[in-house]
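start-v4.cif (mmCIF, C-alpha atoms (C1' of nucleotides))
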```cif
data_my_file
loop_
_atom_site.label_atom_id
_atom_site.label_comp_id
_atom_site.auth_asym_id
_atom_site.auth_seq_id
_atom_site.Cartn_x
_atom_site.Cartn_y
_atom_site.Cartn_z
CA MET A 214 94.01 99.63 82.16
CA THR A 215 90.47 99.28 80.74
CA GLU A 216 89.62 95.99 82.39
CA THR A 217 86.11 95.64 80.96
CA GLN A 218 85.09 92.20 79.81
CA LYS A 219 82.97 93.21 76.82
CA ARG A 220 85.51 92.02 74.32
CA PRO A 221 84.31 90.97 70.89
CA TYR A 222 85.00 87.23 71.13
CA HIS A 223 88.59 87.65 70.10
CA HIS A 224 90.79 89.06 72.78
CA GLY A 225 93.47 91.33 71.40
CA ASP A 226 96.45 89.71 73.03
CA LEU A 227 95.11 87.12 75.41
CA ARG A 228 98.48 85.56 76.00
CA GLN A 229 99.89 88.77 77.38
CA ALA A 230 96.72 89.50 79.32
CA ILE A 231 96.88 86.10 80.98
CA ILE A 232 100.45 86.65 82.08
CA GLU A 233 99.71 90.07 83.49
CA THR A 234 96.59 88.90 85.28
CA ALA A 235 98.50 85.99 86.75
CA ILE A 236 101.32 88.18 88.02
CA ALA A 237 98.80 90.54 89.55
CA MET A 238 97.13 87.62 91.31
CA LEU A 239 100.44 86.44 92.68
CA ASN A 240 100.87 89.70 94.52
CA GLU A 241 97.60 89.31 96.37
CA PRO A 242 97.44 87.66 99.78
CA GLY A 243 97.26 83.93 99.30
CA GLY A 244 98.31 84.41 95.70
CA TRP A 245 100.52 81.36 95.73
CA GLN A 246 97.49 79.14 95.38
CA PHE A 247 96.83 80.20 91.96
CA THR A 248 94.11 78.85 89.77
CA LEU A 249 94.05 78.82 86.00
CA ARG A 250 90.29 79.11 85.94
CA GLU A 251 90.41 82.23 88.08
CA VAL A 252 92.93 83.80 85.75
CA ALA A 253 90.64 83.11 82.82
CA ARG A 254 87.70 84.52 84.77
CA ARG A 255 89.53 87.76 85.51
CA ALA A 256 90.70 88.06 81.95
CA GLY A 257 87.05 87.78 80.94
CA VAL A 258 87.52 84.65 78.95
CA SER A 259 86.42 81.02 79.15
CA HIS A 260 88.40 78.63 81.30
CA ALA A 261 89.54 76.72 78.25
CA ALA A 262 90.97 79.73 76.43
CA PRO A 263 94.36 79.79 78.17
CA TYR A 264 95.10 76.38 76.70
CA LYS A 265 95.35 78.00 73.29
CA HIS A 266 98.38 79.92 74.55
CA PHE A 267 99.98 77.65 77.13
CA PRO A 268 100.22 73.87 77.06
CA ASP A 269 99.30 73.70 80.73
CA LYS A 270 99.36 75.47 84.05
CA ALA A 271 102.98 74.61 84.75
CA ALA A 272 104.04 76.27 81.50
CA LEU A 273 102.34 79.51 82.48
CA LEU A 274 103.99 79.39 85.90
CA ALA A 275 107.36 78.70 84.33
CA GLU A 276 106.99 81.69 82.03
CA ILE A 277 106.09 83.93 84.95
CA ALA A 278 109.10 82.70 86.88
CA LEU A 279 111.34 83.68 83.99
CA ILE A 280 109.84 87.15 83.96
CA GLY A 281 110.58 87.31 87.67
CA PHE A 282 114.24 86.55 87.03
CA ASP A 283 114.37 89.26 84.40
CA ARG A 284 112.97 91.75 86.87
CA LEU A 285 115.44 90.69 89.51
CA HIS A 286 118.21 91.10 86.99
CA VAL A 287 117.06 94.63 86.23
CA ALA A 288 116.82 95.48 89.93
CA LEU A 289 120.35 94.28 90.60
CA ALA A 290 121.80 95.95 87.53
CA SER A 291 120.20 99.26 88.39
CA ALA A 292 121.37 99.04 92.00
CA ARG A 293 124.86 98.45 90.72
CA SER A 294 124.93 101.38 88.32
CA GLY A 295 123.61 103.67 91.05
CA ALA A 296 126.46 102.85 93.43
CA GLY A 297 130.15 103.73 93.67
CA ASN A 298 132.89 101.13 93.92
CA ALA A 299 132.48 97.39 93.79
CA THR A 300 131.85 96.80 97.48
CA GLU A 301 129.29 99.57 97.72
CA ALA A 302 127.63 98.21 94.62
CA LEU A 303 127.59 94.73 96.11
CA VAL A 304 125.88 95.94 99.24
CA ALA A 305 123.41 97.96 97.19
CA ALA A 306 122.68 94.93 95.03
CA SER A 307 122.13 92.80 98.13
CA ARG A 308 119.64 95.29 99.47
CA ALA A 309 117.89 95.43 96.12
CA TYR A 310 117.71 91.65 96.11
CA LEU A 311 116.09 91.60 99.52
CA VAL A 312 113.66 94.35 98.60
CA PHE A 313 112.65 92.45 95.50
CA GLY A 314 112.12 89.17 97.32
CA LEU A 315 110.29 90.63 100.30
CA GLY A 316 108.19 92.83 98.04
CA ASN A 317 107.07 89.98 95.79
CA PRO A 318 106.81 86.98 98.09
CA ALA A 319 104.70 84.70 95.93
CA LEU A 320 106.56 85.56 92.75
CA TYR A 321 109.88 85.04 94.46
CA ARG A 322 108.83 81.67 95.86
CA LEU A 323 107.56 80.65 92.46
CA MET A 324 110.93 81.49 90.91
CA PHE A 325 112.63 79.01 93.21
CA GLY A 326 109.76 76.59 93.62
CA ALA A 327 109.36 72.96 92.72
CA GLU A 328 106.31 73.73 90.58
CA ILE A 329 108.70 74.51 87.79
CA GLY A 330 109.32 71.12 86.28
CA ASN A 331 112.81 69.84 85.64
CA SER A 332 112.47 70.46 81.94
CA ALA A 333 111.71 74.13 82.46
CA ALA A 334 114.46 74.34 85.06
CA VAL A 335 117.07 74.66 82.34
CA HIS A 336 115.48 77.82 81.02
CA ARG A 337 115.09 79.13 84.53
CA ASP A 338 118.75 78.56 85.09
CA LYS A 339 119.69 80.44 81.96
CA ARG A 340 117.57 83.48 82.69
CA ALA A 341 118.59 83.49 86.33
CA MET A 342 122.18 83.75 85.25
CA GLY A 343 121.70 87.29 84.09
CA ALA A 344 121.33 88.33 87.70
CA PHE A 345 124.07 85.93 88.73
CA ASP A 346 126.49 87.50 86.29
CA VAL A 347 125.99 90.89 87.91
CA VAL A 348 127.28 89.41 91.14
CA MET A 349 130.19 87.65 89.49
CA ASP A 350 131.25 90.79 87.66
CA LEU A 351 131.17 92.83 90.83
CA LEU A 352 133.27 90.28 92.67
CA ALA A 353 135.88 90.15 89.91
CA GLU A 354 135.94 93.93 89.78
CA GLY A 355 136.26 94.16 93.56
CA GLN A 356 139.04 91.60 93.68
CA ALA A 357 140.96 93.44 90.98
CA ALA A 358 140.58 96.69 92.94
CA GLY A 359 141.82 94.97 96.09
CA LEU A 360 138.54 95.59 97.87
CA ILE A 361 137.40 91.99 98.05
CA GLU A 362 139.19 88.91 99.35
CA LYS A 363 140.83 87.05 96.51
CA ARG A 364 139.17 83.64 96.30
CA GLY A 365 137.79 81.59 93.46
CA VAL A 366 135.18 83.86 91.90
CA ALA A 367 132.72 81.09 91.09
CA GLY A 368 132.62 79.75 94.63
CA GLN A 369 132.55 83.23 96.05
CA ALA A 370 129.67 84.20 93.79
CA ALA A 371 127.76 81.07 94.71
CA SER A 372 128.31 81.91 98.36
CA VAL A 373 127.06 85.48 97.89
CA TRP A 374 124.05 84.29 95.94
CA ALA A 375 123.26 81.67 98.57
CA GLN A 376 123.54 84.29 101.29
CA MET A 377 121.06 86.59 99.59
CA HIS A 378 118.68 83.81 98.73
CA GLY A 379 118.91 82.30 102.19
CA LEU A 380 118.31 85.57 103.98
CA THR A 381 115.37 86.41 101.75
CA MET A 382 113.78 83.04 102.31
CA LEU A 383 114.30 82.94 106.06
CA LYS A 384 112.82 86.41 106.35
CA LEU A 385 109.87 85.47 104.14
CA ASP A 386 109.26 82.43 106.32
CA GLY A 387 109.25 84.57 109.44
CA MET A 388 112.17 82.63 110.80
CA LEU A 389 114.27 85.60 111.82
CA ARG A 390 112.28 86.62 114.85
CA PRO A 391 113.48 89.59 116.88
CA GLU A 392 113.30 87.77 120.22
CA ARG A 393 115.64 85.13 118.87
CA VAL A 394 118.05 86.86 116.63
CA GLY A 395 117.71 90.55 117.32
CA GLU A 396 115.72 93.47 115.96
CA ASP A 397 117.14 93.62 112.46
CA ALA A 398 118.68 90.24 111.92
CA VAL A 399 118.85 90.69 108.17
CA GLU A 400 121.09 93.74 108.47
CA ALA A 401 123.20 92.03 111.12
CA ALA A 402 123.62 88.90 109.04
CA LEU A 403 124.48 90.88 105.94
CA ALA A 404 127.07 92.90 107.85
CA SER A 405 128.53 89.76 109.38
CA PHE A 406 128.71 88.12 106.00
CA TYR A 407 130.39 90.97 104.20
CA GLU A 408 132.93 91.39 106.98
CA GLY A 409 134.24 88.04 105.85
CA VAL A 410 134.19 88.96 102.17
CA PHE A 411 135.52 92.49 102.07
CA VAL A 412 139.20 93.00 102.58
CA MET B 52 105.90 46.87 107.63
CA THR B 53 102.74 44.78 107.18
CA GLU B 54 100.98 47.12 104.78
CA THR B 55 97.85 45.02 104.33
CA GLN B 56 94.54 46.85 104.21
CA LYS B 57 92.35 44.24 105.90
CA ARG B 58 91.99 46.22 109.07
CA PRO B 59 88.92 45.64 111.20
CA TYR B 60 87.21 48.99 110.68
CA HIS B 61 89.16 50.63 113.43
CA HIS B 62 92.71 51.41 112.54
CA GLY B 63 95.05 51.05 115.48
CA ASP B 64 96.75 54.39 115.27
CA LEU B 65 95.50 56.04 112.12
CA ARG B 66 96.95 59.41 113.01
CA GLN B 67 100.46 58.03 113.13
CA ALA B 68 99.89 55.91 110.04
CA ILE B 69 98.75 58.95 108.10
CA ILE B 70 101.83 60.90 109.04
CA GLU B 71 104.15 58.06 108.09
CA THR B 72 102.40 57.41 104.81
CA ALA B 73 102.54 61.10 103.98
CA ILE B 74 106.24 61.34 104.71
CA ALA B 75 106.87 58.27 102.58
CA MET B 76 104.94 59.87 99.72
CA LEU B 77 106.96 63.04 100.01
CA ASN B 78 110.11 61.11 99.25
CA GLU B 79 108.76 59.79 95.98
CA PRO B 80 109.37 61.62 92.70
CA GLY B 81 106.74 64.30 92.35
CA GLY B 82 105.89 63.89 96.00
CA TRP B 83 105.41 67.59 96.53
CA GLN B 84 102.03 67.40 94.90
CA PHE B 85 100.57 65.55 97.67
CA THR B 86 96.97 64.55 97.92
CA LEU B 87 95.06 63.82 101.08
CA ARG B 88 92.85 61.31 99.31
CA GLU B 89 95.88 59.37 98.13
CA VAL B 90 97.26 59.23 101.64
CA ALA B 91 93.95 57.82 102.86
CA ARG B 92 93.96 55.32 100.01
CA ARG B 93 97.43 54.07 100.89
CA ALA B 94 96.55 53.88 104.55
CA GLY B 95 93.63 51.68 103.54
CA VAL B 96 91.03 54.03 104.89
CA SER B 97 88.26 56.19 103.51
CA HIS B 98 89.10 59.65 102.23
CA ALA B 99 87.13 61.24 105.04
CA ALA B 100 88.95 59.43 107.82
CA PRO B 101 91.95 61.77 108.04
CA TYR B 102 89.61 64.57 109.04
CA LYS B 103 89.07 62.84 112.36
CA HIS B 104 92.75 63.42 113.15
CA PHE B 105 93.64 66.63 111.34
CA PRO B 106 91.46 69.68 110.82
CA ASP B 107 92.60 69.98 107.23
CA LYS B 108 95.36 69.24 104.77
CA ALA B 109 97.44 72.24 105.81
CA ALA B 110 97.48 70.99 109.39
CA LEU B 111 98.89 67.65 108.32
CA LEU B 112 101.52 69.35 106.22
CA ALA B 113 102.43 71.64 109.09
CA GLU B 114 102.87 68.69 111.41
CA ILE B 115 105.11 66.95 108.92
CA ALA B 116 107.19 70.08 108.55
CA LEU B 117 107.75 70.13 112.29
CA ILE B 118 108.90 66.54 112.20
CA GLY B 119 111.29 67.55 109.46
CA PHE B 120 112.79 70.22 111.68
CA ASP B 121 113.21 67.72 114.48
CA ARG B 122 115.07 65.39 112.14
CA LEU B 123 117.28 68.20 110.93
CA HIS B 124 118.00 69.08 114.53
CA VAL B 125 119.04 65.52 115.25
CA ALA B 126 121.22 65.40 112.15
CA LEU B 127 123.04 68.59 113.12
CA ALA B 128 123.44 67.60 116.75
CA SER B 129 124.86 64.22 115.82
CA ALA B 130 127.25 65.79 113.31
CA ARG B 131 128.41 68.10 116.03
CA SER B 132 129.06 65.44 118.61
CA GLY B 133 130.97 63.38 116.06
CA ALA B 134 133.44 66.17 115.32
CA GLY B 135 136.37 67.75 117.11
CA ASN B 136 136.64 71.47 117.78
CA ALA B 137 134.05 74.11 116.99
CA THR B 138 135.14 74.86 113.44
CA GLU B 139 135.33 71.22 112.46
CA ALA B 140 131.94 70.69 114.03
CA LEU B 141 130.53 73.63 112.11
CA VAL B 142 131.77 72.25 108.82
CA ALA B 143 130.44 68.80 109.71
CA ALA B 144 127.08 70.31 110.61
CA SER B 145 126.99 72.21 107.33
CA ARG B 146 127.61 69.02 105.41
CA ALA B 147 124.95 67.22 107.41
CA TYR B 148 122.54 70.05 106.64
CA LEU B 149 123.17 69.74 102.93
CA VAL B 150 122.88 65.97 103.02
CA PHE B 151 119.58 66.26 104.79
CA GLY B 152 118.15 68.82 102.37
CA LEU B 153 119.36 67.14 99.20
CA GLY B 154 118.27 63.74 100.49
CA ASN B 155 114.74 64.85 101.33
CA PRO B 156 113.91 67.45 98.69
CA ALA B 157 110.15 67.56 99.06
CA LEU B 158 110.25 67.42 102.84
CA TYR B 159 112.86 70.15 102.92
CA ARG B 160 110.85 72.37 100.61
CA LEU B 161 107.77 71.77 102.67
CA MET B 162 109.59 72.87 105.81
CA PHE B 163 110.28 76.24 104.25
CA GLY B 164 107.26 76.47 102.02
CA ALA B 165 104.35 78.85 101.91
CA GLU B 166 101.86 76.02 102.35
CA ILE B 167 102.44 76.36 106.06
CA GLY B 168 100.01 79.06 107.03
CA ASN B 169 101.09 82.04 109.07
CA SER B 170 99.41 80.66 112.16
CA ALA B 171 101.44 77.47 112.01
CA ALA B 172 104.57 79.45 111.19
CA VAL B 173 105.06 80.28 114.85
CA HIS B 174 105.32 76.62 115.76
CA ARG B 175 107.61 76.02 112.82
CA ASP B 176 109.81 78.78 114.06
CA LYS B 177 109.97 77.32 117.55
CA ARG B 178 110.87 73.82 116.42
CA ALA B 179 113.32 75.11 113.85
CA MET B 180 115.16 76.87 116.62
CA GLY B 181 116.43 73.62 118.02
CA ALA B 182 118.61 73.27 114.95
CA PHE B 183 119.38 76.97 114.98
CA ASP B 184 120.62 76.74 118.55
CA VAL B 185 123.16 74.12 117.57
CA VAL B 186 124.67 76.65 115.18
CA MET B 187 124.61 79.47 117.71
CA ASP B 188 126.26 77.33 120.38
CA LEU B 189 129.00 76.29 118.00
CA LEU B 190 129.69 79.87 117.02
CA ALA B 191 129.85 81.04 120.62
CA GLU B 192 132.13 78.13 121.46
CA GLY B 193 134.34 78.84 118.47
CA GLN B 194 134.57 82.52 119.28
CA ALA B 195 135.56 81.74 122.86
CA ALA B 196 138.23 79.38 121.62
CA GLY B 197 139.54 82.04 119.23
CA LEU B 198 138.74 79.90 116.21
CA ILE B 199 135.96 82.03 114.83
CA GLU B 200 135.86 85.74 114.03
CA LYS B 201 134.35 87.66 116.92
CA ARG B 202 131.15 89.25 115.63
CA GLY B 203 127.65 89.48 116.98
CA VAL B 204 126.63 85.87 117.44
CA ALA B 205 123.01 86.37 116.39
CA GLY B 206 123.90 88.01 113.11
CA GLN B 207 126.66 85.52 112.50
CA ALA B 208 124.33 82.62 113.17
CA ALA B 209 121.70 84.06 110.87
CA SER B 210 124.37 84.41 108.21
CA VAL B 211 125.52 80.81 108.63
CA TRP B 212 121.96 79.55 108.56
CA ALA B 213 121.18 81.60 105.47
CA GLN B 214 124.27 80.23 103.79
CA MET B 215 123.29 76.63 104.41
CA HIS B 216 119.69 77.19 103.45
CA GLY B 217 120.64 79.13 100.36
CA LEU B 218 123.14 76.57 99.14
CA THR B 219 120.71 73.74 99.73
CA MET B 220 117.96 75.49 97.84
CA LEU B 221 120.10 76.57 94.90
CA LYS B 222 121.40 73.05 94.56
CA LEU B 223 117.90 71.59 94.78
CA ASP B 224 116.78 73.98 92.08
CA GLY B 225 119.60 72.88 89.83
CA MET B 226 120.93 76.42 89.76
CA LEU B 227 124.52 75.57 90.48
CA ARG B 228 125.41 74.12 87.11
CA PRO B 229 128.97 72.93 86.54
CA GLU B 230 129.41 74.86 83.30
CA ARG B 231 128.60 78.06 85.11
CA VAL B 232 130.04 77.76 88.50
CA GLY B 233 132.40 74.82 88.43
CA GLU B 234 132.25 71.11 89.16
CA ASP B 235 131.50 71.20 92.84
CA ALA B 236 130.13 74.65 93.45
CA VAL B 237 128.65 73.71 96.80
CA GLU B 238 132.03 72.76 98.22
CA ALA B 239 133.64 75.85 96.71
CA ALA B 240 130.97 78.14 98.09
CA LEU B 241 131.17 76.56 101.52
CA ALA B 242 134.95 76.89 101.56
CA SER B 243 134.74 80.50 100.42
CA PHE B 244 132.16 81.26 103.06
CA TYR B 245 134.04 79.73 105.95
CA GLU B 246 137.26 81.45 104.94
CA GLY B 247 135.48 84.64 105.91
CA VAL B 248 134.18 83.22 109.16
CA PHE B 249 137.09 81.27 110.56
CA VAL B 250 139.95 83.19 112.07
"C1'" DA C 46 85.05 57.00 119.81
"C1'" DC C 47 86.20 56.10 115.20
"C1'" DC C 48 85.12 55.33 110.39
"C1'" DT C 49 82.19 55.26 105.79
"C1'" DG C 50 79.51 56.89 101.64
"C1'" DA C 51 77.31 60.17 99.33
"C1'" DA C 52 77.33 64.86 98.31
"C1'" DC C 53 79.07 69.75 97.14
"C1'" DA C 54 81.87 73.04 95.16
"C1'" DC C 55 85.76 73.36 93.10
"C1'" DC C 56 90.12 72.15 89.85
"C1'" DG C 57 93.03 70.94 85.46
"C1'" DT C 58 92.46 69.27 80.98
"C1'" DT C 59 90.24 67.83 76.58
"C1'" DC C 60 87.44 68.28 72.53
"C1'" DA C 61 83.79 68.96 69.42
"C1'" DA C 62 81.56 72.88 68.00
"C1'" DG C 63 80.99 77.78 67.29
"C1'" DT C 64 82.68 82.84 65.24
"C1'" DA D 255 93.06 81.46 63.88
"C1'" DC D 256 90.91 81.97 68.18
"C1'" DC D 257 87.40 81.05 71.59
"C1'" DT D 258 83.24 78.50 73.99
"C1'" DG D 259 80.50 74.86 76.52
"C1'" DA D 260 79.97 70.57 77.99
"C1'" DA D 261 82.32 66.75 79.74
"C1'" DC D 262 85.76 63.82 82.49
"C1'" DA D 263 88.51 62.60 86.19
"C1'" DC D 264 90.11 64.33 89.94
"C1'" DC D 265 90.49 67.30 94.61
"C1'" DG D 266 89.37 69.16 99.58
"C1'" DT D 267 85.81 69.30 102.80
"C1'" DT D 268 81.36 68.26 105.15
"C1'" DC D 269 77.90 65.43 107.27
"C1'" DA D 270 74.48 62.12 108.20
"C1'" DA D 271 74.76 57.46 109.04
"C1'" DG D 272 77.01 53.16 110.23
"C1'" DT D 273 80.14 49.91 113.74
#
```

What do you get writing this file as structure tokens?
Amino acid sequence: MTETQKRPYHHGDLRQAIIETAIAMLNEPGGWQFTLREVARRAGVSHAAPYKHFPDKAALLAEIALIGFDRLHVALASARSGAGNATEALVAASRAYLVFGLGNPALYRLMFGAEIGNSAAVHRDKRAMGAFDVVMDLLAEGQAAGLIEKRGVAGQAASVWAQMHGLTMLKLDGMLRPERVGEDAVEAALASFYEGVFV
Amino acid sequence: MTETQKRPYHHGDLRQAIIETAIAMLNEPGGWQFTLREVARRAGVSHAAPYKHFPDKAALLAEIALIGFDRLHVALASARSGAGNATEALVAASRAYLVFGLGNPALYRLMFGAEIGNSAAVHRDKRAMGAFDVVMDLLAEGQAAGLIEKRGVAGQAASVWAQMHGLTMLKLDGMLRPERVGEDAVEAALASFYEGVFV
DNA sequence: ACCTGAACACCGTTCAAGT
DNA sequence: ACCTGAACACCGTTCAAGT
């Protein structure tokens, strides 16, 4: 937490410091327009220094996106373990998903953004799957327990994932306005959705 | 289609030309990193000229996003009128939605992106509602005809919208990989979703 | 009324040179 | 091995001046 910039030429772990500074910047208003030079400035280092640790700006962003997926994974897993049966856990995980997305708007957008090049997209996909697997497991478990409609698990999981992602995004974009779609459209949509999934 | 740049100082309708050029650029690979100077260049005009028609870059992007929503509205409405009953129309509209999003990746991302400032978000919301209303009408119609599960229409519509948006985005991000979630995960997810919505 | 050209303050990225 | 400083090619935006 000692954020002084009187470091002795060599920064202890600049790579890590850059990542942390960048994530912190993302959570500020307007943090989505994110400048490598500003990160360097805040880390107390020259604007060229980051290039010793990341090939370019996109690489840093990609790395941060992966960290975001790890955090989402943790949030979902912990929501699951704190809940009872599969359907309760699924609802809890959905809420946790929304809380994560709405609480970290710029990070969340970055995770699903086009700034991540197609080459890095493969890694994104892999790390994202940790969170995805939580959903798939819950669905399989719920189906086995007779709590969830028996359909193809992959398609069902994709549908659940899309529902959570879609709701998060629409809410972030301010597209679920009370005068249009009711006071708490997110809750209503989630309820409506799970009515069709739970048995 | 005469894209010559020998215009006599005054461009006929530069404002319109800028918008069209910008939309064309969006549909090129890497079109999401979109530069005002390049638009001016292609329009055969100085880099300062656009500022006579748009206060800044964000304003141009916001305008283009609104056009995108109009086009989506048209696509959904035409899919609806080409289909039979409410459920068939809903499926047709969902397909049209996906085709639109996957066919115009950068435009679609722009429509839902953070580049649109919060002030412009209100307008975005209003224009987006044209498309949203198509969905709501179809649901109300389907419920009345006993084809669709009777739930709160607002929540149901939000859920449908979220499903389409989520699927489009996940597909655009390359997050629905065959080895994970099957060959045609989009179709499977859509089928799974509508099983829970249709009666 | 509409457009240009030069100018300003910024970026991302590179590279020789410093410690 | 790690970092700096100057440099390059670009942006977005502004503004006096041109047509």

Test item: the PyMOL selection byres ((chain A) within 6 of (chain B)) resolved as a short mmCIF file (atom, residue, chain, number, x, y, z; two decimals) with C-alpha atoms, in the coordinates of the input:
```
data_model
loop_
_atom_site.label_atom_id
_atom_site.label_comp_id
_atom_site.auth_asym_id
_atom_site.auth_seq_id
_atom_site.Cartn_x
_atom_site.Cartn_y
_atom_site.Cartn_z
CA ASP A 338 118.75 78.56 85.09
CA ALA A 367 132.72 81.09 91.09
CA GLY A 368 132.62 79.75 94.63
CA GLN A 369 132.55 83.23 96.05
CA ALA A 371 127.76 81.07 94.71
CA SER A 372 128.31 81.91 98.36
CA ALA A 375 123.26 81.67 98.57
CA GLN A 376 123.54 84.29 101.29
CA HIS A 378 118.68 83.81 98.73
CA GLY A 379 118.91 82.30 102.19
CA LEU A 380 118.31 85.57 103.98
CA MET A 388 112.17 82.63 110.80
CA VAL A 394 118.05 86.86 116.63
CA ALA A 398 118.68 90.24 111.92
CA ALA A 401 123.20 92.03 111.12
CA ALA A 402 123.62 88.90 109.04
CA SER A 405 128.53 89.76 109.38
CA GLY A 409 134.24 88.04 105.85
CA VAL A 410 134.19 88.96 102.17
#
```

Distance filter 7 Å, all atoms listed in the file, chain C against chain B, as a PyMOL selection string: chain C and resi 47-49

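In this comparison, chain A was overlaid on chain B using all C-alpha atoms paired by position, and the resulting RMSD is 0.1 Å.
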
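Here the PyMOL selection byres ((chain C and resi 62) around 9) catches exactly these residues: DC60, DA61 and DG63 of chain C; DT258 and DG259 of chain D.
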
Selection near DC262 of chain D, 12 Å with all atoms listed in the file, sequence-local residues under 4 positions removed, as a PyMOL selection string: chain C and resi 56-60

Put those residues in a file: C-alpha atoms (C1' of nucleotides), as a PDB file, in the coordinates of the input.
```pdb
ATOM      1  C1'  DC C  56      90.120  72.150  89.850  1.00  0.00           C
ATOM      2  C1'  DG C  57      93.030  70.940  85.460  1.00  0.00           C
ATOM      3  C1'  DT C  58      92.460  69.270  80.980  1.00  0.00           C
ATOM      4  C1'  DT C  59      90.240  67.830  76.580  1.00  0.00           C
ATOM      5  C1'  DC C  60      87.440  68.280  72.530  1.00  0.00           C
TER       6       DC C  60
END
```

In Å, how far is it from atom CA of Ala302 of chain A to atom CA of Gly343 of chain A?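 The value is 16.3 Å.
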
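In this model, the gap between atom CA of Leu127 of chain B and atom CA of Ala147 of chain B comes to 6.2 Å.
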
For atom CA of Pro80 of chain B and atom CA of Gly154 of chain B, quote the distance in Å rounded to one decimal.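 The value is 12.0 Å.
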
Which is closest to Thr138 of chain B among B:Ala109, B:Ala191, B:Ile118, B:Ile199, if we use only C-alpha atoms? B:Ile199

Kindly add all heavy atoms to the incomplete segment 306-311 of chain A and provide the output as a PDB file, in the frame of the given file.
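Generated output (out_30.pdb):
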```
ATOM      1  N   ALA A 306     123.344  96.014  95.756  1.00  0.00           N
ATOM      2  CA  ALA A 306     122.680  94.930  95.030  1.00  0.00           C
ATOM      3  C   ALA A 306     122.025  93.957  96.014  1.00  0.00           C
ATOM      4  O   ALA A 306     120.917  93.483  95.789  1.00  0.00           O
ATOM      5  CB  ALA A 306     123.681  94.211  94.143  1.00  0.00           C
ATOM      6  N   SER A 307     122.704  93.691  97.121  1.00  0.00           N
ATOM      7  CA  SER A 307     122.130  92.800  98.130  1.00  0.00           C
ATOM      8  C   SER A 307     120.834  93.357  98.689  1.00  0.00           C
ATOM      9  O   SER A 307     119.844  92.646  98.855  1.00  0.00           O
ATOM     10  CB  SER A 307     123.126  92.590  99.273  1.00  0.00           C
ATOM     11  OG  SER A 307     124.303  91.993  98.782  1.00  0.00           O
ATOM     12  N   ARG A 308     120.859  94.653  98.959  1.00  0.00           N
ATOM     13  CA  ARG A 308     119.640  95.290  99.470  1.00  0.00           C
ATOM     14  C   ARG A 308     118.532  95.213  98.439  1.00  0.00           C
ATOM     15  O   ARG A 308     117.376  94.931  98.766  1.00  0.00           O
ATOM     16  CB  ARG A 308     119.934  96.757  99.804  1.00  0.00           C
ATOM     17  CG  ARG A 308     120.931  96.940 100.911  1.00  0.00           C
ATOM     18  CD  ARG A 308     120.316  97.703 102.094  1.00  0.00           C
ATOM     19  NE  ARG A 308     121.134  97.498 103.291  1.00  0.00           N
ATOM     20  CZ  ARG A 308     122.300  98.122 103.513  1.00  0.00           C
ATOM     21  NH1 ARG A 308     122.773  98.980 102.634  1.00  0.00           N
ATOM     22  NH2 ARG A 308     122.972  97.875 104.615  1.00  0.00           N
ATOM     23  N   ALA A 309     118.891  95.475  97.190  1.00  0.00           N
ATOM     24  CA  ALA A 309     117.890  95.430  96.120  1.00  0.00           C
ATOM     25  C   ALA A 309     117.302  94.025  95.999  1.00  0.00           C
ATOM     26  O   ALA A 309     116.102  93.854  95.779  1.00  0.00           O
ATOM     27  CB  ALA A 309     118.519  95.858  94.799  1.00  0.00           C
ATOM     28  N   TYR A 310     118.161  93.044  96.165  1.00  0.00           N
ATOM     29  CA  TYR A 310     117.710  91.650  96.110  1.00  0.00           C
ATOM     30  C   TYR A 310     116.672  91.392  97.191  1.00  0.00           C
ATOM     31  O   TYR A 310     115.602  90.853  96.936  1.00  0.00           O
ATOM     32  CB  TYR A 310     118.918  90.731  96.293  1.00  0.00           C
ATOM     33  CG  TYR A 310     118.654  89.267  96.002  1.00  0.00           C
ATOM     34  CD1 TYR A 310     119.154  88.675  94.861  1.00  0.00           C
ATOM     35  CD2 TYR A 310     117.910  88.488  96.869  1.00  0.00           C
ATOM     36  CE1 TYR A 310     118.929  87.341  94.594  1.00  0.00           C
ATOM     37  CE2 TYR A 310     117.664  87.155  96.615  1.00  0.00           C
ATOM     38  CZ  TYR A 310     118.184  86.580  95.476  1.00  0.00           C
ATOM     39  OH  TYR A 310     117.940  85.255  95.218  1.00  0.00           O
ATOM     40  N   LEU A 311     117.008  91.803  98.408  1.00  0.00           N
ATOM     41  CA  LEU A 311     116.090  91.600  99.520  1.00  0.00           C
ATOM     42  C   LEU A 311     114.774  92.343  99.310  1.00  0.00           C
ATOM     43  O   LEU A 311     113.691  91.803  99.567  1.00  0.00           O
ATOM     44  CB  LEU A 311     116.752  92.047 100.819  1.00  0.00           C
ATOM     45  CG  LEU A 311     117.711  91.001 101.389  1.00  0.00           C
ATOM     46  CD1 LEU A 311     118.739  91.640 102.307  1.00  0.00           C
ATOM     47  CD2 LEU A 311     116.930  89.926 102.140  1.00  0.00           C
TER      48      LEU A 311
END
```
